[in-house]
$ cat work37.csv   # CSV, C-alpha atoms
chain,number,residue,atom,x,y,z
F,1,GLY,CA,-113.3,78.1,-0.5
F,2,ALA,CA,-114.9,80.8,-2.7
F,3,GLY,CA,-114.2,83.6,-0.2
F,4,VAL,CA,-113.1,84.5,3.2
F,5,SER,CA,-115.3,83.0,5.9
F,6,GLN,CA,-115.6,83.9,9.6
F,7,SER,CA,-117.3,82.2,12.5
F,8,PRO,CA,-119.2,82.8,14.5
F,9,ARG,CA,-121.1,85.7,12.7
F,10,TYR,CA,-122.4,86.9,16.0
F,11,LYS,CA,-121.1,86.4,19.5
F,12,VAL,CA,-122.5,87.7,22.8
F,13,ALA,CA,-120.2,87.4,25.8
F,14,LYS,CA,-120.4,88.4,29.4
F,15,ARG,CA,-117.7,90.7,30.6
F,16,GLY,CA,-114.8,88.7,31.7
F,17,GLN,CA,-115.4,85.8,29.4
F,18,ASP,CA,-112.8,84.6,26.9
F,19,VAL,CA,-113.8,84.4,23.2
F,20,ALA,CA,-112.3,82.9,20.1
F,21,LEU,CA,-113.0,84.2,16.6
F,22,ARG,CA,-112.1,82.1,13.6
F,23,CYS,CA,-111.1,83.2,10.1
F,24,ASP,CA,-110.8,80.9,7.0
F,25,PRO,CA,-109.0,82.8,4.3
F,26,ILE,CA,-109.2,82.1,0.6
F,27,SER,CA,-107.3,78.9,-0.1
F,28,GLY,CA,-103.6,79.6,-0.9
F,29,HIS,CA,-103.6,83.2,0.3
F,30,VAL,CA,-100.4,84.0,1.9
F,31,SER,CA,-101.3,87.1,3.9
F,32,LEU,CA,-104.0,87.4,6.5
F,33,PHE,CA,-105.1,90.6,8.3
F,34,TRP,CA,-107.4,91.2,11.3
F,35,TYR,CA,-109.2,94.5,11.9
F,36,GLN,CA,-111.5,95.8,14.5
F,37,GLN,CA,-114.4,98.0,13.3
F,38,ALA,CA,-116.4,100.1,15.8
F,39,LEU,CA,-119.8,101.3,14.8
F,40,GLY,CA,-119.6,104.1,12.3
F,41,GLN,CA,-115.9,103.9,12.0
F,42,GLY,CA,-113.4,102.5,9.5
F,43,PRO,CA,-111.6,99.3,10.2
F,44,GLU,CA,-108.6,99.5,12.6
F,45,PHE,CA,-105.6,97.3,11.9
F,46,LEU,CA,-104.9,94.7,14.6
F,47,THR,CA,-102.4,92.2,13.2
F,48,TYR,CA,-100.9,90.7,10.1
F,49,PHE,CA,-99.7,87.2,9.2
F,50,GLN,CA,-97.6,86.1,6.3
F,51,ASN,CA,-98.1,82.3,6.2
F,52,GLU,CA,-97.8,81.2,9.8
F,53,ALA,CA,-95.5,84.1,10.8
F,54,GLN,CA,-97.1,87.0,12.7
F,55,LEU,CA,-95.2,89.9,11.2
F,56,ASP,CA,-97.0,92.8,12.8
F,57,LYS,CA,-99.1,92.9,15.9
F,58,SER,CA,-98.7,96.5,16.6
F,59,GLY,CA,-102.5,97.2,16.4
F,60,LEU,CA,-103.5,94.7,19.2
F,61,PRO,CA,-105.0,97.0,21.8
F,62,SER,CA,-103.8,95.1,24.9
F,63,ASP,CA,-102.2,91.8,26.0
F,64,ARG,CA,-105.7,90.4,26.3
F,65,PHE,CA,-105.7,90.1,22.5
F,66,PHE,CA,-103.9,87.2,20.9
F,67,ALA,CA,-103.9,85.9,17.3
F,68,GLU,CA,-102.4,82.8,15.8
F,69,ARG,CA,-102.2,81.0,12.4
F,70,PRO,CA,-100.3,77.9,13.2
F,71,GLU,CA,-100.4,76.2,9.8
F,72,GLY,CA,-100.5,79.2,7.6
F,73,SER,CA,-104.2,78.9,6.7
F,74,VAL,CA,-106.9,79.3,9.4
F,75,SER,CA,-106.4,82.0,11.9
F,76,THR,CA,-107.9,82.5,15.4
F,77,LEU,CA,-108.2,85.8,17.2
F,78,LYS,CA,-108.6,85.3,20.9
F,79,ILE,CA,-109.7,87.9,23.4
F,80,GLN,CA,-109.3,87.1,27.1
F,81,ARG,CA,-111.3,88.6,29.9
F,82,THR,CA,-113.5,90.6,27.5
F,83,GLN,CA,-114.5,94.2,28.3
F,84,GLN,CA,-117.4,96.2,27.0
F,85,GLU,CA,-115.0,98.3,24.9
F,86,ASP,CA,-114.2,95.2,23.0
F,87,SER,CA,-117.6,95.3,21.4
F,88,ALA,CA,-117.1,95.7,17.7
F,89,VAL,CA,-117.1,93.9,14.4
F,90,TYR,CA,-113.9,91.9,13.9
F,91,LEU,CA,-113.0,91.6,10.2
F,92,CYS,CA,-110.6,89.2,8.6
F,93,ALA,CA,-109.0,89.8,5.2
F,94,SER,CA,-106.6,87.9,3.0
F,95,THR,CA,-104.4,88.6,0.0
F,96,GLN,CA,-102.8,86.1,-2.4
F,97,GLY,CA,-99.3,87.6,-2.1
F,98,SER,CA,-97.3,89.4,0.5
F,99,ARG,CA,-98.2,92.9,-0.6
F,100,PRO,CA,-101.5,94.3,-1.7
F,101,SER,CA,-101.6,95.8,-5.2
F,102,ARG,CA,-104.1,96.6,-7.9
F,103,THR,CA,-104.3,92.9,-9.0
F,104,ASP,CA,-104.0,91.5,-5.4
F,105,THR,CA,-106.4,93.4,-3.2
F,106,GLN,CA,-107.6,92.4,0.2
F,107,TYR,CA,-110.7,90.2,0.3
F,108,PHE,CA,-112.7,90.6,3.4
F,109,GLY,CA,-114.8,88.2,5.3
F,110,PRO,CA,-118.3,89.1,6.6
F,111,GLY,CA,-117.0,89.8,10.1
F,112,THR,CA,-117.9,88.6,13.6
F,113,ARG,CA,-120.0,91.0,15.5
F,114,LEU,CA,-119.0,90.8,19.2
F,115,THR,CA,-121.2,92.2,21.9
F,116,VAL,CA,-119.8,92.2,25.4
F,117,LEU,CA,-122.5,92.7,28.1
T,1,GLY,CA,-101.7,107.5,13.1
T,2,GLN,CA,-101.6,108.6,9.5
T,3,ASN,CA,-104.3,111.4,10.0
T,4,ILE,CA,-106.7,110.2,7.3
T,5,ASP,CA,-109.4,112.8,6.8
T,6,GLN,CA,-112.6,112.4,4.8
T,7,PRO,CA,-116.1,113.9,5.3
T,8,THR,CA,-118.3,112.0,7.7
T,9,GLU,CA,-121.5,112.2,5.7
T,10,MET,CA,-122.6,113.3,2.2
T,11,THR,CA,-126.0,113.3,0.5
T,12,ALA,CA,-126.7,113.4,-3.2
T,13,THR,CA,-129.6,112.8,-5.6
T,14,GLU,CA,-130.1,109.8,-7.8
T,15,GLY,CA,-128.4,110.4,-11.2
T,16,ALA,CA,-126.1,113.1,-9.9
T,17,ILE,CA,-122.3,113.1,-9.5
T,18,VAL,CA,-120.5,113.1,-6.1
T,19,GLN,CA,-116.9,113.6,-5.1
T,20,ILE,CA,-115.6,112.2,-1.9
T,21,ASN,CA,-112.2,113.7,-0.8
T,22,CYS,CA,-109.5,112.1,1.3
T,23,THR,CA,-106.3,113.5,2.7
T,24,TYR,CA,-103.5,111.5,4.3
T,25,GLN,CA,-100.0,111.7,5.5
T,26,THR,CA,-97.4,111.1,2.7
T,27,SER,CA,-94.6,109.7,4.7
T,28,GLY,CA,-94.2,106.0,3.9
T,29,PHE,CA,-97.1,106.0,1.4
T,30,ASN,CA,-97.2,103.1,-1.0
T,31,GLY,CA,-100.6,103.5,-2.8
T,32,LEU,CA,-104.2,104.2,-2.0
T,33,PHE,CA,-107.3,102.0,-2.1
T,34,TRP,CA,-110.9,102.9,-2.0
T,35,TYR,CA,-113.5,100.4,-0.6
T,36,GLN,CA,-117.2,100.4,-0.5
T,37,GLN,CA,-119.0,99.1,2.6
T,38,HIS,CA,-122.8,98.6,2.8
T,39,ALA,CA,-124.2,98.6,6.3
T,40,GLY,CA,-123.6,95.3,8.0
T,41,GLU,CA,-121.4,93.9,5.2
T,42,ALA,CA,-117.7,93.5,4.5
T,43,PRO,CA,-115.8,96.2,2.6
T,44,THR,CA,-115.4,95.5,-1.1
T,45,PHE,CA,-112.6,96.8,-3.4
T,46,LEU,CA,-113.4,99.7,-5.7
T,47,SER,CA,-110.1,101.2,-6.9
T,48,TYR,CA,-106.4,101.5,-6.5
T,49,ASN,CA,-104.0,104.4,-7.3
T,50,VAL,CA,-100.3,104.4,-6.9
T,51,LEU,CA,-99.3,107.0,-9.5
T,52,ASP,CA,-100.6,110.5,-9.8
T,53,GLY,CA,-103.7,110.9,-12.0
T,54,LEU,CA,-107.1,109.6,-12.6
T,55,GLU,CA,-108.2,106.0,-12.8
T,56,GLU,CA,-111.5,105.4,-14.4
T,57,LYS,CA,-113.6,102.3,-13.9
T,58,GLY,CA,-117.2,102.5,-15.2
T,59,ARG,CA,-119.2,104.9,-13.1
T,60,PHE,CA,-116.4,105.2,-10.5
T,61,SER,CA,-113.1,107.1,-10.9
T,62,SER,CA,-110.4,107.8,-8.4
T,63,PHE,CA,-107.7,110.5,-8.4
T,64,LEU,CA,-104.4,110.7,-6.6
T,65,SER,CA,-101.9,113.4,-6.0
T,66,ARG,CA,-99.0,111.9,-4.1
T,67,SER,CA,-97.2,115.2,-3.4
T,68,LYS,CA,-100.4,116.7,-1.9
T,69,GLY,CA,-101.4,113.6,0.1
T,70,TYR,CA,-104.8,113.9,-1.6
T,71,SER,CA,-107.2,111.6,-3.3
T,72,TYR,CA,-110.8,111.6,-4.3
T,73,LEU,CA,-113.4,109.1,-5.4
T,74,LEU,CA,-115.9,110.3,-8.1
T,75,LEU,CA,-119.2,108.5,-8.5
T,76,LYS,CA,-121.3,109.3,-11.6
T,77,GLU,CA,-124.9,108.6,-12.4
T,78,LEU,CA,-125.6,107.8,-8.8
T,79,GLN,CA,-128.0,104.9,-8.1
T,80,MET,CA,-129.8,104.1,-4.9
T,81,LYS,CA,-127.6,101.1,-4.4
T,82,ASP,CA,-124.6,103.4,-4.1
T,83,SER,CA,-125.8,104.4,-0.6
T,84,ALA,CA,-123.0,103.0,1.5
T,85,SER,CA,-119.8,104.0,3.3
T,86,TYR,CA,-116.8,104.7,1.3
T,87,LEU,CA,-113.5,104.0,2.9
T,88,CYS,CA,-110.2,105.7,1.9
T,89,ALA,CA,-107.3,103.3,2.7
T,90,PRO,CA,-103.7,104.4,2.1
T,91,LEU,CA,-101.1,101.7,2.1
T,92,TYR,CA,-98.1,102.1,4.3
T,93,GLY,CA,-95.7,99.2,3.9
T,94,GLN,CA,-97.9,96.2,3.7
T,95,ASN,CA,-100.6,97.5,5.9
T,96,PHE,CA,-103.7,99.5,5.1
T,97,VAL,CA,-104.8,102.3,7.3
T,98,PHE,CA,-108.4,102.9,6.8
T,99,GLY,CA,-110.0,106.3,7.1
T,100,PRO,CA,-113.2,106.8,9.2
T,101,GLY,CA,-115.3,106.4,6.1
T,102,THR,CA,-117.8,108.7,4.4
T,103,ARG,CA,-121.4,107.6,4.6
T,104,LEU,CA,-123.2,108.5,1.4
T,105,SER,CA,-126.9,108.7,1.2
T,106,VAL,CA,-128.5,108.7,-2.3
T,107,LEU,CA,-132.0,110.2,-2.4
T,108,PRO,CA,-134.6,109.6,-5.1
$ encode --input "work37.csv" --output "structure tokens"
Amino acid sequence: GAGVSQSPRYKVAKRGQDVALRCDPISGHVSLFWYQQALGQGPEFLTYFQNEAQLDKSGLPSDRFFAERPEGSVSTLKIQRTQQEDSAVYLCASTQGSRPSRTDTQYFGPGTRLTVL
Amino acid sequence: GQNIDQPTEMTATEGAIVQINCTYQTSGFNGLFWYQQHAGEAPTFLSYNVLDGLEEKGRFSSFLSRSKGYSYLLLKELQMKDSASYLCAPLYGQNFVFGPGTRLSVLP
């Protein structure tokens, strides 16, 4: 596709529900990143994939958060038993290669705004 | 964390010049990106510095001092559409660490 797409754009969940957020990176992009952005803050790193391999998940805040990219393209971020503090915008980004550079920057999707009631 | 520090908010007048500073920890540093983010939208790439010095790109310039752990983004001839958050993002390994962002308001 032309850019990174994410769905849904908005999600409202009741506390305790499970949610799944989808990211479609730019076709052929090797690296995929997930970020969490609270209102008025910069994005916080969650996890990083190179193709289907999850190379870094150090930013996932708890074991309720799980991400996968089984075929090295589309990725899903799943949050189990959502809590109010999970309310944020979840951004996905991709890069063509394995390491960002001047000519290979991160391209961000529009994000999914999650609200947990 | 990497203790990224940038001002929370700045205000400037249309047509003016504004400088947004950013400091970060130098250990493991691989380069620094600046992103612009309009409210409710995704961040978009502005500039990248890996060597010391100034990179100029139209109305936007970015400076880096690796030894000092310091960068700034310079915006010239401000326009109303420049009202946005500006995110400083040093690269450590393959991962960005984003600063809190500086919310710039451009007034007529």
$ residues_around --input "work37.csv" --residues "F:Gly109" --least-positions-apart "2" --cutoff "9 Å" --atoms "only C-alpha atoms" --output "list in words"
Gly3, Val4, Ser5, Gln6, Cys23, Asp24, Pro25, Leu91, Cys92, Ala93, Ser94, Tyr107, Gly111 and Thr112 of chain F; Glu41, Ala42 and Pro43 of chain T
$ residues_around --input "work37.csv" --residues "stretch 28-38 of chain T" --least-positions-apart "6" --cutoff "7 Å" --atoms "all atoms listed in the file" --output "number ranges by chain"
T: 44-50, 84-93
$ atom_distance --input "work37.csv" --atom1 "atom CA of F:Val74" --atom2 "atom CA of F:Tyr48"
12.9 Å
$ residues_near_point --input "work37.csv" --point "(-125.3, 114.6, 3.4)" --cutoff "7 Å" --atoms "all atoms listed in the file" --output "list in words"
Glu9, Met10, Thr11, Ala12, Leu104 and Ser105 of chain T
$ write_last_selection --input "work37.csv" --atoms "C-alpha atoms" --output "JSON list (two decimals), keeping the file's coordinate frame"
[["chain", "number", "residue", "atom", "x", "y", "z"],
["T", 9, "GLU", "CA", -121.50, 112.20, 5.70],
["T", 10, "MET", "CA", -122.60, 113.30, 2.20],
["T", 11, "THR", "CA", -126.00, 113.30, 0.50],
["T", 12, "ALA", "CA", -126.70, 113.40, -3.20],
["T", 104, "LEU", "CA", -123.20, 108.50, 1.40],
["T", 105, "SER", "CA", -126.90, 108.70, 1.20]]
$ interface_residues --input "work37.csv" --of "chain F" --to "chain T" --cutoff "12 Å" --atoms "only C-alpha atoms" --output "PyMOL selection string"
chain F and resi 3-6+9-10+31-50+55-59+88-95+97-113
$ atom_distance --input "work37.csv" --atom1 "atom CA of F:Phe65" --atom2 "atom CA of F:Asn51"
19.6 Å
$ atom_distance --input "work37.csv" --atom1 "atom CA of T:Ala16" --atom2 "atom CA of T:Leu74"
10.7 Å
